[in-house]
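What follows is the content of work-v5.txt, which has compact mmCIF, C-alpha atoms:
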# COMPACT_ATOMS: atom_id res chain seq x y z
CA MET A 30 -21.98 -8.94 24.46
CA MET A 31 -23.40 -7.49 21.26
CA ASP A 32 -26.94 -8.38 20.26
CA PRO A 33 -27.37 -10.21 16.91
CA GLU A 34 -28.93 -7.23 15.07
CA THR A 35 -26.11 -4.90 16.06
CA ARG A 36 -23.58 -7.55 15.14
CA GLN A 37 -25.17 -7.94 11.72
CA ALA A 38 -25.22 -4.16 11.26
CA LEU A 39 -21.58 -3.89 12.25
CA PHE A 40 -20.65 -6.62 9.78
CA GLY A 41 -22.45 -4.76 6.99
CA TYR A 42 -20.84 -1.48 7.98
CA ALA A 43 -17.29 -2.86 7.99
CA LEU A 44 -17.98 -4.63 4.71
CA ARG A 45 -19.11 -1.40 3.01
CA LEU A 46 -16.05 0.48 4.21
CA GLY A 47 -13.73 -2.38 3.32
CA ASP A 48 -15.21 -2.83 -0.16
CA THR A 49 -15.01 0.88 -0.90
CA SER A 50 -11.33 0.97 0.10
CA LEU A 51 -10.54 -2.18 -1.85
CA VAL A 52 -12.24 -1.12 -5.08
CA LEU A 53 -10.79 2.39 -5.01
CA GLY A 54 -7.36 1.02 -4.13
CA HIS A 55 -7.53 -1.33 -7.08
CA ARG A 56 -8.61 1.48 -9.38
CA LEU A 57 -5.65 3.59 -8.32
CA SER A 58 -3.28 0.66 -8.78
CA GLU A 59 -4.23 0.71 -12.45
CA TRP A 60 -2.13 3.89 -12.71
CA CYS A 61 1.02 2.02 -11.72
CA GLY A 62 3.50 2.63 -14.55
CA HIS A 63 1.14 5.03 -16.36
CA ALA A 64 1.03 8.22 -14.29
CA PRO A 65 2.12 11.46 -15.97
CA GLU A 66 5.28 11.81 -13.85
CA LEU A 67 7.48 9.27 -12.10
CA GLU A 68 6.98 11.00 -8.75
CA GLU A 69 3.20 10.98 -9.19
CA ASP A 70 3.27 7.35 -10.22
CA ILE A 71 4.82 6.49 -6.87
CA ALA A 72 2.43 8.80 -5.01
CA LEU A 73 -0.67 7.18 -6.52
CA THR A 74 0.69 3.72 -5.88
CA ASN A 75 1.36 4.65 -2.25
CA VAL A 76 -2.24 5.78 -1.85
CA ALA A 77 -3.46 2.61 -3.57
CA LEU A 78 -1.48 0.46 -1.16
CA ASP A 79 -2.75 2.44 1.83
CA LEU A 80 -6.32 1.83 0.68
CA VAL A 81 -5.77 -1.88 0.14
CA GLY A 82 -4.25 -1.95 3.62
CA HIS A 83 -7.39 -0.36 5.07
CA ALA A 84 -9.50 -2.84 3.11
CA ARG A 85 -7.52 -5.70 4.54
CA LEU A 86 -8.07 -4.56 8.12
CA LEU A 87 -11.75 -3.77 7.57
CA LEU A 88 -12.58 -7.00 5.74
CA ALA A 89 -10.67 -9.09 8.27
CA TYR A 90 -12.67 -7.37 11.00
CA ALA A 91 -15.94 -7.86 9.09
CA GLY A 92 -15.17 -11.58 8.84
CA GLU A 93 -14.40 -11.73 12.54
CA VAL A 94 -17.66 -9.96 13.44
CA GLU A 95 -19.62 -12.21 11.11
CA GLY A 96 -18.15 -15.26 12.81
CA GLU A 97 -18.55 -17.67 9.93
CA GLY A 98 -14.88 -18.25 9.28
CA ARG A 99 -14.48 -15.93 6.30
CA ASP A 100 -11.14 -14.12 6.30
CA GLU A 101 -10.24 -10.98 4.32
CA ASP A 102 -9.05 -12.91 1.28
CA ARG A 103 -12.19 -14.93 1.15
CA LEU A 104 -14.33 -11.77 1.34
CA ALA A 105 -12.25 -9.97 -1.26
CA TYR A 106 -11.84 -12.76 -3.79
CA ARG A 107 -14.84 -15.04 -3.45
CA ARG A 108 -17.70 -12.60 -3.77
CA ASP A 109 -19.23 -11.49 -7.04
CA VAL A 110 -20.52 -8.06 -8.09
CA LEU A 111 -23.92 -8.31 -6.42
CA ASP A 112 -22.30 -9.05 -3.06
CA TYR A 113 -20.01 -6.03 -3.19
CA ARG A 114 -21.10 -3.08 -1.05
CA ASN A 115 -18.72 -0.32 -2.16
CA HIS A 116 -19.71 3.23 -3.08
CA LEU A 117 -20.39 3.72 -6.78
CA LEU A 118 -17.86 6.55 -6.73
CA ALA A 119 -15.02 4.12 -6.00
CA GLU A 120 -15.70 1.89 -9.01
CA GLN A 121 -15.85 4.69 -11.60
CA PRO A 122 -13.10 4.24 -14.20
CA ASN A 123 -9.93 6.33 -14.09
CA ARG A 124 -10.41 8.08 -17.44
CA ASP A 125 -7.79 10.85 -17.39
CA PHE A 126 -5.55 11.94 -14.54
CA GLY A 127 -7.79 14.90 -13.68
CA HIS A 128 -10.83 12.66 -13.47
CA THR A 129 -8.94 10.31 -11.15
CA ILE A 130 -7.98 13.25 -8.94
CA VAL A 131 -11.56 14.51 -8.70
CA ARG A 132 -12.82 11.04 -7.77
CA GLN A 133 -10.04 10.71 -5.22
CA PHE A 134 -10.65 14.08 -3.63
CA LEU A 135 -14.41 13.57 -3.30
CA HIS A 136 -13.67 10.27 -1.59
CA ASP A 137 -10.75 11.47 0.55
CA ALA A 138 -12.74 14.45 1.85
CA TRP A 139 -15.36 11.97 3.05
CA ALA A 140 -12.88 9.39 4.37
CA VAL A 141 -10.90 11.86 6.46
CA GLU A 142 -14.03 13.11 8.22
CA LEU A 143 -15.28 9.56 8.69
CA TYR A 144 -12.11 8.03 10.13
CA ASP A 145 -11.49 11.06 12.28
CA ARG A 146 -14.80 10.40 14.04
CA LEU A 147 -14.68 6.63 13.81
CA ALA A 148 -11.43 6.71 15.81
CA GLY A 149 -13.65 7.61 18.76
CA SER A 150 -16.11 4.77 18.14
CA THR A 151 -17.41 2.78 21.09
CA ASP A 152 -16.42 -0.32 19.10
CA ALA A 153 -12.75 -0.94 19.86
CA GLY A 154 -12.15 -2.84 16.61
CA LEU A 155 -13.35 -0.06 14.34
CA ALA A 156 -11.75 2.63 16.49
CA GLY A 157 -8.36 0.96 16.19
CA ILE A 158 -8.56 0.61 12.42
CA ALA A 159 -9.77 4.20 12.04
CA ALA A 160 -7.00 5.59 14.24
CA LYS A 161 -4.42 3.99 11.96
CA ALA A 162 -6.21 4.90 8.73
CA VAL A 163 -6.86 8.54 9.54
CA LYS A 164 -3.15 9.41 9.54
CA GLU A 165 -2.80 8.08 6.02
CA VAL A 166 -6.04 9.58 4.78
CA ARG A 167 -5.02 13.04 6.02
CA TYR A 168 -2.15 12.85 3.59
CA HIS A 169 -4.36 11.49 0.80
CA VAL A 170 -6.74 14.43 1.02
CA ARG A 171 -3.85 16.86 1.04
CA HIS A 172 -2.41 15.21 -2.07
CA SER A 173 -5.66 15.01 -4.06
CA GLY A 174 -6.76 18.46 -2.86
CA ASP A 175 -3.48 20.05 -3.95
CA TRP A 176 -3.85 18.53 -7.40
CA LEU A 177 -7.46 19.59 -7.64
CA ILE A 178 -6.41 23.18 -6.98
CA ARG A 179 -3.48 23.03 -9.38
CA LEU A 180 -5.51 21.63 -12.24
CA GLY A 181 -8.72 23.55 -11.54
CA ASP A 182 -6.81 26.82 -11.28
CA GLY A 183 -4.44 25.78 -14.07
CA THR A 184 -4.82 26.16 -17.82
CA ASP A 185 -8.07 26.41 -19.77
CA VAL A 186 -7.73 22.76 -20.75
CA SER A 187 -7.09 21.50 -17.22
CA HIS A 188 -9.88 23.66 -15.82
CA THR A 189 -12.38 22.33 -18.37
CA ARG A 190 -11.39 18.74 -17.68
CA MET A 191 -11.75 19.18 -13.94
CA ARG A 192 -15.12 20.85 -14.34
CA ASP A 193 -16.35 18.02 -16.58
CA ALA A 194 -15.09 15.37 -14.16
CA LEU A 195 -16.80 17.13 -11.28
CA GLU A 196 -20.10 17.23 -13.19
CA ARG A 197 -19.78 13.58 -14.14
CA LEU A 198 -18.91 12.30 -10.67
CA TRP A 199 -21.10 14.55 -8.57
CA PRO A 200 -24.20 12.30 -8.80
CA CYS A 201 -22.14 9.56 -7.11
CA THR A 202 -21.53 11.62 -3.98
CA GLY A 203 -25.01 11.43 -2.43
CA GLU A 204 -24.57 7.77 -1.63
CA MET A 205 -21.76 8.47 0.83
CA PHE A 206 -24.25 10.06 3.22
CA GLU A 207 -27.11 7.58 2.97
CA ARG A 208 -28.40 6.12 6.18
CA ASP A 209 -30.38 2.92 6.58
CA SER A 210 -31.85 1.16 9.61
CA ALA A 211 -28.59 -0.73 10.24
CA GLU A 212 -26.75 2.58 10.52
CA ASP A 213 -29.47 4.01 12.76
CA ARG A 214 -28.64 1.23 15.17
CA LEU A 215 -24.89 1.83 14.96
CA VAL A 216 -25.23 5.60 15.34
CA ALA A 217 -27.46 5.14 18.38
CA ALA A 218 -24.86 2.83 19.94
CA GLY A 219 -22.06 5.34 19.29
CA ILE A 220 -20.37 2.85 16.97
CA ALA A 221 -20.69 4.86 13.76
CA PRO A 222 -20.74 8.64 13.22
CA ASP A 223 -23.94 10.31 12.04
CA PRO A 224 -23.89 10.60 8.21
CA ALA A 225 -25.58 14.01 8.45
CA GLU A 226 -22.65 15.28 10.50
CA LEU A 227 -20.23 13.81 7.96
CA ARG A 228 -22.10 15.52 5.17
CA ALA A 229 -21.81 18.95 6.80
CA ALA A 230 -18.07 18.50 7.35
CA TRP A 231 -17.59 17.15 3.83
CA ASN A 232 -19.52 20.07 2.34
CA ALA A 233 -17.33 22.58 4.14
CA ARG A 234 -14.10 20.87 3.11
CA VAL A 235 -15.14 20.44 -0.51
CA ALA A 236 -16.42 24.03 -0.76
CA ALA A 237 -13.10 25.44 0.49
CA VAL A 238 -10.99 23.45 -1.97
CA LEU A 239 -13.31 24.03 -4.94
CA ALA A 240 -13.23 27.78 -4.26
CA GLU A 241 -9.45 27.77 -4.31
CA ALA A 242 -9.53 25.65 -7.47
CA THR A 243 -11.85 28.24 -9.09
CA LEU A 244 -14.36 25.45 -9.74
CA GLU A 245 -18.06 25.75 -9.19
CA ARG A 246 -19.75 23.25 -6.94
CA PRO A 247 -22.31 21.32 -9.00
CA ALA A 248 -25.91 21.46 -7.81
CA ASP A 249 -27.12 18.57 -5.64
CA GLY A 250 -29.58 17.18 -8.17
CA TRP A 251 -30.51 13.57 -8.80
CA MET A 252 -28.12 11.17 -7.12
CA GLN A 253 -27.11 7.74 -8.38
CA LYS A 254 -27.42 5.22 -5.56
CA GLY A 255 -27.34 1.48 -5.04
CA GLY A 256 -23.69 0.52 -4.56
CA ARG A 257 -24.21 0.05 -0.84
CA ARG A 258 -26.94 -2.48 -1.62
CA GLY A 259 -25.05 -4.32 -4.34
CA GLU A 260 -26.51 -2.49 -7.35
CA HIS A 261 -23.44 -1.47 -9.32
CA SER A 262 -22.45 0.12 -12.58
CA GLU A 263 -21.15 -2.12 -15.36
CA HIS A 264 -17.58 -1.09 -14.48
CA LEU A 265 -17.29 -3.11 -11.29
CA GLY A 266 -17.62 -6.51 -12.98
CA TYR A 267 -14.57 -5.87 -15.15
CA LEU A 268 -12.59 -4.65 -12.19
CA LEU A 269 -13.42 -7.74 -10.13
CA ALA A 270 -12.70 -10.04 -13.07
CA GLU A 271 -9.17 -8.72 -13.18
CA MET A 272 -8.66 -8.45 -9.43
CA GLN A 273 -10.03 -11.90 -8.67
CA PHE A 274 -8.54 -13.78 -11.60
CA LEU A 275 -5.64 -15.39 -9.80
CA PRO A 276 -7.43 -16.71 -6.70
CA ARG A 277 -10.30 -17.90 -8.85
CA ALA A 278 -8.06 -19.70 -11.36
CA TYR A 279 -5.81 -21.12 -8.63
CA PRO A 280 -7.93 -21.39 -5.47
CA ASP A 281 -5.94 -21.40 -2.24
CA ALA A 282 -2.69 -20.85 -4.12
CA VAL A 283 0.20 -19.84 -1.86
CA TRP A 284 3.53 -18.29 -2.71
CA MET B 6 2.78 19.00 -20.99
CA ASP B 7 5.88 21.10 -21.13
CA ARG B 8 8.12 19.28 -18.73
CA LYS B 9 10.88 21.81 -18.67
CA ASP B 10 8.49 23.86 -16.54
CA TRP B 11 9.11 21.45 -13.68
CA PRO B 12 12.37 22.41 -11.99
CA LEU B 13 14.71 20.02 -10.26
CA PHE B 14 14.83 19.90 -6.46
CA GLU B 15 17.51 18.34 -4.29
CA ILE B 16 16.07 16.43 -1.35
CA PHE B 17 17.59 16.27 2.12
CA ILE B 18 16.23 14.07 4.88
CA ARG B 19 16.96 14.01 8.58
CA PRO B 20 16.77 10.37 9.64
CA LYS B 21 16.17 11.20 13.32
CA ASN B 22 16.37 14.02 15.80
CA GLY B 23 19.94 14.93 16.65
CA LEU B 24 21.31 14.09 13.23
CA SER B 25 21.63 16.54 10.38
CA HIS B 26 19.81 16.46 7.06
CA LYS B 27 21.50 14.28 4.49
CA HIS B 28 21.24 14.45 0.73
CA VAL B 29 19.19 11.51 -0.56
CA GLY B 30 18.56 12.37 -4.20
CA SER B 31 16.64 14.69 -6.46
CA LEU B 32 13.23 14.95 -8.11
CA HIS B 33 11.10 17.17 -10.32
CA ALA B 34 8.19 19.20 -8.98
CA ALA B 35 6.19 22.24 -10.03
CA ASP B 36 6.83 24.08 -6.77
CA ALA B 37 8.18 23.68 -3.26
CA ARG B 38 5.03 22.16 -1.77
CA MET B 39 4.83 19.54 -4.49
CA ALA B 40 8.53 18.86 -4.01
CA LEU B 41 7.92 18.10 -0.32
CA ASP B 42 4.95 15.85 -1.16
CA ASN B 43 6.93 14.03 -3.82
CA ALA B 44 9.90 13.67 -1.50
CA ARG B 45 7.63 12.14 1.10
CA ASP B 46 6.32 9.66 -1.44
CA VAL B 47 9.60 8.85 -3.18
CA TYR B 48 12.15 8.93 -0.35
CA THR B 49 10.37 8.18 2.94
CA ARG B 50 8.46 5.02 2.06
CA ARG B 51 10.36 2.93 4.59
CA GLY B 52 10.39 5.20 7.59
CA GLU B 53 13.61 6.97 6.60
CA GLY B 54 12.97 10.34 8.10
CA VAL B 55 11.50 12.82 10.53
CA SER B 56 12.13 15.96 8.45
CA VAL B 57 12.52 16.81 4.77
CA TRP B 58 14.17 19.75 3.05
CA ALA B 59 13.58 20.43 -0.63
CA VAL B 60 16.05 22.86 -2.20
CA PRO B 61 15.81 24.15 -5.78
CA ALA B 62 18.83 22.60 -7.49
CA ALA B 63 19.46 25.91 -9.25
CA SER B 64 20.03 27.55 -5.85
CA ILE B 65 22.93 25.33 -4.95
CA ALA B 66 26.38 26.75 -5.52
CA ALA B 67 28.68 23.81 -6.23
CA SER B 68 32.45 23.55 -6.40
CA ASP B 69 33.99 22.81 -9.76
CA PRO B 70 35.32 19.23 -9.95
CA SER B 71 38.42 20.47 -11.75
CA ASP B 72 39.32 22.51 -8.67
CA LYS B 73 39.50 19.36 -6.57
CA ALA B 74 43.29 19.30 -6.33
CA SER B 75 43.69 22.87 -5.15
CA LEU B 76 40.65 22.86 -2.87
CA PHE B 77 40.91 19.57 -1.05
CA GLU B 78 44.29 17.85 -1.43
CA PRO B 79 46.24 20.37 0.72
CA ALA B 80 44.32 19.01 3.71
CA ASP B 81 45.63 15.50 3.22
CA ASP B 82 48.99 15.95 4.99
CA LYS B 83 47.79 18.11 7.89
CA VAL B 84 47.02 15.55 10.54
CA TYR B 85 47.18 18.17 13.28
CA ARG B 86 43.80 19.43 12.10
CA HIS B 87 42.12 16.25 13.23
CA PRO B 88 40.89 16.23 16.83
CA THR B 89 42.46 12.84 17.47
CA PHE B 90 44.40 13.97 20.52
CA TYR B 91 41.40 14.07 22.83
CA ASP B 92 39.63 11.33 24.77
CA ILE B 93 36.01 11.27 23.67
CA PRO B 94 33.53 10.23 26.35
CA PRO B 95 31.61 7.12 25.30
CA GLU B 96 28.30 8.95 25.83
CA VAL B 97 29.03 11.23 22.87
CA LYS B 98 27.61 9.38 19.91
CA ASN B 99 27.47 11.45 16.77
CA ILE B 100 30.61 13.55 16.60
Any chance you could give the structure as structure tokens?
Amino acid sequence: MMDPETRQALFGYALRLGDTSLVLGHRLSEWCGHAPELEEDIALTNVALDLVGHARLLLAYAGEVEGEGRDEDRLAYRRDVLDYRNHLLAEQPNRDFGHTIVRQFLHDAWAVELYDRLAGSTDAGLAGIAAKAVKEVRYHVRHSGDWLIRLGDGTDVSHTRMRDALERLWPCTGEMFERDSAEDRLVAAGIAPDPAELRAAWNARVAAVLAEATLERPADGWMQKGGRRGEHSEHLGYLLAEMQFLPRAYPDAVW
Amino acid sequence: MDRKDWPLFEIFIRPKNGLSHKHVGSLHAADARMALDNARDVYTRRGEGVSVWAVPAASIAASDPSDKASLFEPADDKVYRHPTFYDIPPEVKNI
């Protein structure tokens, strides 16, 4: 049986992962009907649905671990900005297609390394979710990485846009490798992978793709943090307002 | 963006091992790798396949529809070309 501190840490961990997937999935869904090509429209929507699927599993599991009767819908739709624990990277607006691709790649490169390791977690619940998610995320990182290379090593215009997006989003990447006392506990128990190990793998993956994309890796300067503690940019409130409108206006509606 | 730079690809999917690839449709892509990715996203959303071929549409040599009569109709009255005079074992599925 899990001790209460570990249980609380596991709840927080699943919540952070679930929120990050949900917010990023919702962001991508905003492209539905607007992507530059029909084929890409479907591709982005597929990725969005995969992410919402991961969010559903993770939030349902978080609710189960918490043991207070909150299901995934309740966690997704009845929490406000300050209770969200997603990475700041996920909530950044889409801007142009290139910007969306950079955001997606920086996330995917992290997610694929995370789920790959989490599949071997000593916690059977997380391991099961990760084993399912990693197959999808391997495709996501291939898709976003291919586009990053195409656009980075494309025309002058596309290269400049990718470079600008990389500069703009880079300060949001440090947060993915933060580690607090709750994670110390989970790492020690073999439940969660060590963020330092993730960072090394992420660095290698990102460096390889950026080199092929002829883009320079921005310097690791000041990093914007806080999303994991509920301190968000102004963008998240608008996103939640749209995402949560229906269940808030019609609580417990079924169809 | 200059869209005529994106050529058309014809997509073929093999639904399962033992069957042959079947034409499912076409799509636009900048190159072969993107064509495979797009085919995966557009045509295999519901578990349709185990293998995808993407073929540049320009590489396909097609018969002229106006030649239909001379190419295909002569086969209509030659029943002896059909292997209907054999007993097929029930184990043989896809013949």
Item to complete: Figure out the distance between CA of Glu271 in chain A and CA of Val94 in chain A, please, to one decimal in Å.
Response: 28.0 Å
Discussion item. Excluding Thr74 in chain A and its own-chain neighbours fewer than 6 positions away, which residues fall within 8 Å of it when counting all atoms listed in the file? Please give them as a PyMOL selection string.
Written reply: chain A and resi 57-58+60-61
Worksheet item: Counting only C-alpha atoms, which residues from chain B have an atom at most 9 Å from any atom of chain A, and could you show them as a list in words?
Response: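 Close enough to count are Leu32, His33, Ala34, Met39, Asp42, Asn43, Ala44, Arg45, Asp46, Val47 and Arg50 of chain B.
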Discussion item. Please list as a VMD selection string every residue within 10 Å of range 54-71 of chain B, counting all atoms listed in the file and excluding residues in the same chain fewer than 3 positions away.
Written reply: chain B and resid 12 to 22 25 to 28 31 to 34 36 to 45 48 to 51 74 to 76
Report, as AutoDock Vina command-line options, the centre and edge lengths in Å (one decimal) of the axis-aligned box enclosing every listed atom of range 49-63 of chain B, padded by 3 Å on each side.
--center_x 14.0 --center_y 14.4 --center_z 0.6 --size_x 17.0 --size_y 29.0 --size_z 25.8
Worksheet item: Leaving out Arg85 in chain A and any residue of its chain fewer than 2 positions from it, which residues lie within 10 Å of it when counting all atoms listed in the file, given as a PyMOL selection string?
Response: chain A and resi 47-48+50-51+79-83+87-91+100-102+104-105
Item to complete: Could you jot down the CA of Arg45 in chain A to CA of His136 in chain A separation for me, Å, one decimal place?
Response: 13.7 Å
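Shortest atom-to-atom contact with Gly92 in chain A among A:Ala77, A:Leu53, A:Val166, A:Leu39: A:Leu39, counting all atoms listed in the file.
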Item to complete: Tell me which protein, DNA and RNA residues are within 10 Å of Arg277 in chain A, counting all atoms listed in the file, leaving out same-chain ones fewer than 5 positions away, and put them as JSON, numbers by chain.
Response: {"A": [106, 107, 270, 272, 282]}
Could those selected residues go to a file with C-alpha atoms, as a PDB file, in the coordinates of the input?
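So part_30.pdb came out as:
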ATOM      1  CA  TYR A 106     -11.840 -12.760  -3.790  1.00  0.00           C
ATOM      2  CA  ARG A 107     -14.840 -15.040  -3.450  1.00  0.00           C
ATOM      3  CA  ALA A 270     -12.700 -10.040 -13.070  1.00  0.00           C
ATOM      4  CA  MET A 272      -8.660  -8.450  -9.430  1.00  0.00           C
ATOM      5  CA  ALA A 282      -2.690 -20.850  -4.120  1.00  0.00           C
TER       6      ALA A 282
END
Practice prompt. Mind giving me the straight-line distance from CA of Gly149 in chain A to CA of Thr202 in chain A in Å, one decimal?
Written response: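 Taking CA of Gly149 in chain A and CA of Thr202 in chain A, their separation equals 24.4 Å.
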Practice prompt. Go through A:Glu142, A:Asp193, A:Glu245, A:Asp223 and flag the residue nearest Thr129 in chain A, using all atoms listed in the file for the distances.
Written response: A:Asp193
Is there a way to complete range 17-39 of chain B with N, CA, C and O atoms and then write that out as a tab-separated table (two decimals), in the frame of the given file?
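That gives us rebuild-v5.tsv:
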chain	number	residue	atom	x	y	z
B	17	PHE	N	16.79	16.57	0.93
B	17	PHE	CA	17.59	16.27	2.12
B	17	PHE	C	16.67	15.74	3.21
B	17	PHE	O	15.62	16.31	3.46
B	18	ILE	N	17.07	14.66	3.84
B	18	ILE	CA	16.23	14.07	4.88
B	18	ILE	C	17.02	13.91	6.17
B	18	ILE	O	18.19	13.49	6.16
B	19	ARG	N	16.36	14.26	7.27
B	19	ARG	CA	16.96	14.01	8.58
B	19	ARG	C	16.41	12.69	9.09
B	19	ARG	O	15.20	12.56	9.34
B	20	PRO	N	17.28	11.70	9.26
B	20	PRO	CA	16.77	10.37	9.64
B	20	PRO	C	16.20	10.34	11.06
B	20	PRO	O	15.26	9.62	11.31
B	21	LYS	N	16.78	11.11	11.99
B	21	LYS	CA	16.17	11.20	13.32
B	21	LYS	C	16.66	12.46	14.02
B	21	LYS	O	17.64	13.06	13.60
B	22	ASN	N	15.98	12.82	15.08
B	22	ASN	CA	16.37	14.02	15.80
B	22	ASN	C	17.80	13.88	16.31
B	22	ASN	O	18.21	12.83	16.76
B	23	GLY	N	18.56	14.96	16.19
B	23	GLY	CA	19.94	14.93	16.65
B	23	GLY	C	20.93	14.74	15.52
B	23	GLY	O	22.10	15.07	15.65
B	24	LEU	N	20.45	14.21	14.41
B	24	LEU	CA	21.31	14.09	13.23
B	24	LEU	C	20.99	15.23	12.27
B	24	LEU	O	19.95	15.88	12.37
B	25	SER	N	21.90	15.46	11.33
B	25	SER	CA	21.63	16.54	10.38
B	25	SER	C	20.99	15.98	9.11
B	25	SER	O	21.02	14.78	8.85
B	26	HIS	N	20.41	16.86	8.33
B	26	HIS	CA	19.81	16.46	7.06
B	26	HIS	C	20.89	15.94	6.11
B	26	HIS	O	21.98	16.50	6.06
B	27	LYS	N	20.52	14.92	5.37
B	27	LYS	CA	21.50	14.28	4.49
B	27	LYS	C	20.90	14.23	3.09
B	27	LYS	O	19.71	13.97	2.92
B	28	HIS	N	21.74	14.49	2.10
B	28	HIS	CA	21.24	14.45	0.73
B	28	HIS	C	20.84	13.03	0.34
B	28	HIS	O	21.62	12.10	0.56
B	29	VAL	N	19.62	12.86	-0.19
B	29	VAL	CA	19.19	11.51	-0.56
B	29	VAL	C	18.94	11.36	-2.06
B	29	VAL	O	18.89	10.24	-2.57
B	30	GLY	N	18.80	12.48	-2.77
B	30	GLY	CA	18.56	12.37	-4.20
B	30	GLY	C	17.85	13.61	-4.70
B	30	GLY	O	17.78	14.63	-3.99
B	31	SER	N	17.30	13.53	-5.89
B	31	SER	CA	16.64	14.69	-6.46
B	31	SER	C	15.33	14.28	-7.10
B	31	SER	O	15.07	13.09	-7.31
B	32	LEU	N	14.48	15.24	-7.40
B	32	LEU	CA	13.23	14.95	-8.11
B	32	LEU	C	12.71	16.21	-8.78
B	32	LEU	O	13.20	17.31	-8.52
B	33	HIS	N	11.73	16.04	-9.64
B	33	HIS	CA	11.10	17.17	-10.32
B	33	HIS	C	9.78	17.50	-9.64
B	33	HIS	O	9.05	16.61	-9.21
B	34	ALA	N	9.48	18.77	-9.55
B	34	ALA	CA	8.19	19.20	-8.98
B	34	ALA	C	7.90	20.61	-9.49
B	34	ALA	O	8.81	21.37	-9.82
B	35	ALA	N	6.60	20.93	-9.52
B	35	ALA	CA	6.19	22.24	-10.03
B	35	ALA	C	6.54	23.35	-9.05
B	35	ALA	O	6.82	24.48	-9.45
B	36	ASP	N	6.48	23.07	-7.76
B	36	ASP	CA	6.83	24.08	-6.77
B	36	ASP	C	7.29	23.39	-5.48
B	36	ASP	O	7.35	22.16	-5.40
B	37	ALA	N	7.58	24.22	-4.48
B	37	ALA	CA	8.18	23.68	-3.26
B	37	ALA	C	7.25	22.71	-2.53
B	37	ALA	O	7.69	21.68	-2.02
B	38	ARG	N	5.96	23.05	-2.49
B	38	ARG	CA	5.03	22.16	-1.77
B	38	ARG	C	4.94	20.80	-2.45
B	38	ARG	O	4.92	19.76	-1.80
B	39	MET	N	4.87	20.82	-3.79
B	39	MET	CA	4.83	19.54	-4.49
B	39	MET	C	6.14	18.78	-4.30
B	39	MET	O	6.15	17.55	-4.21
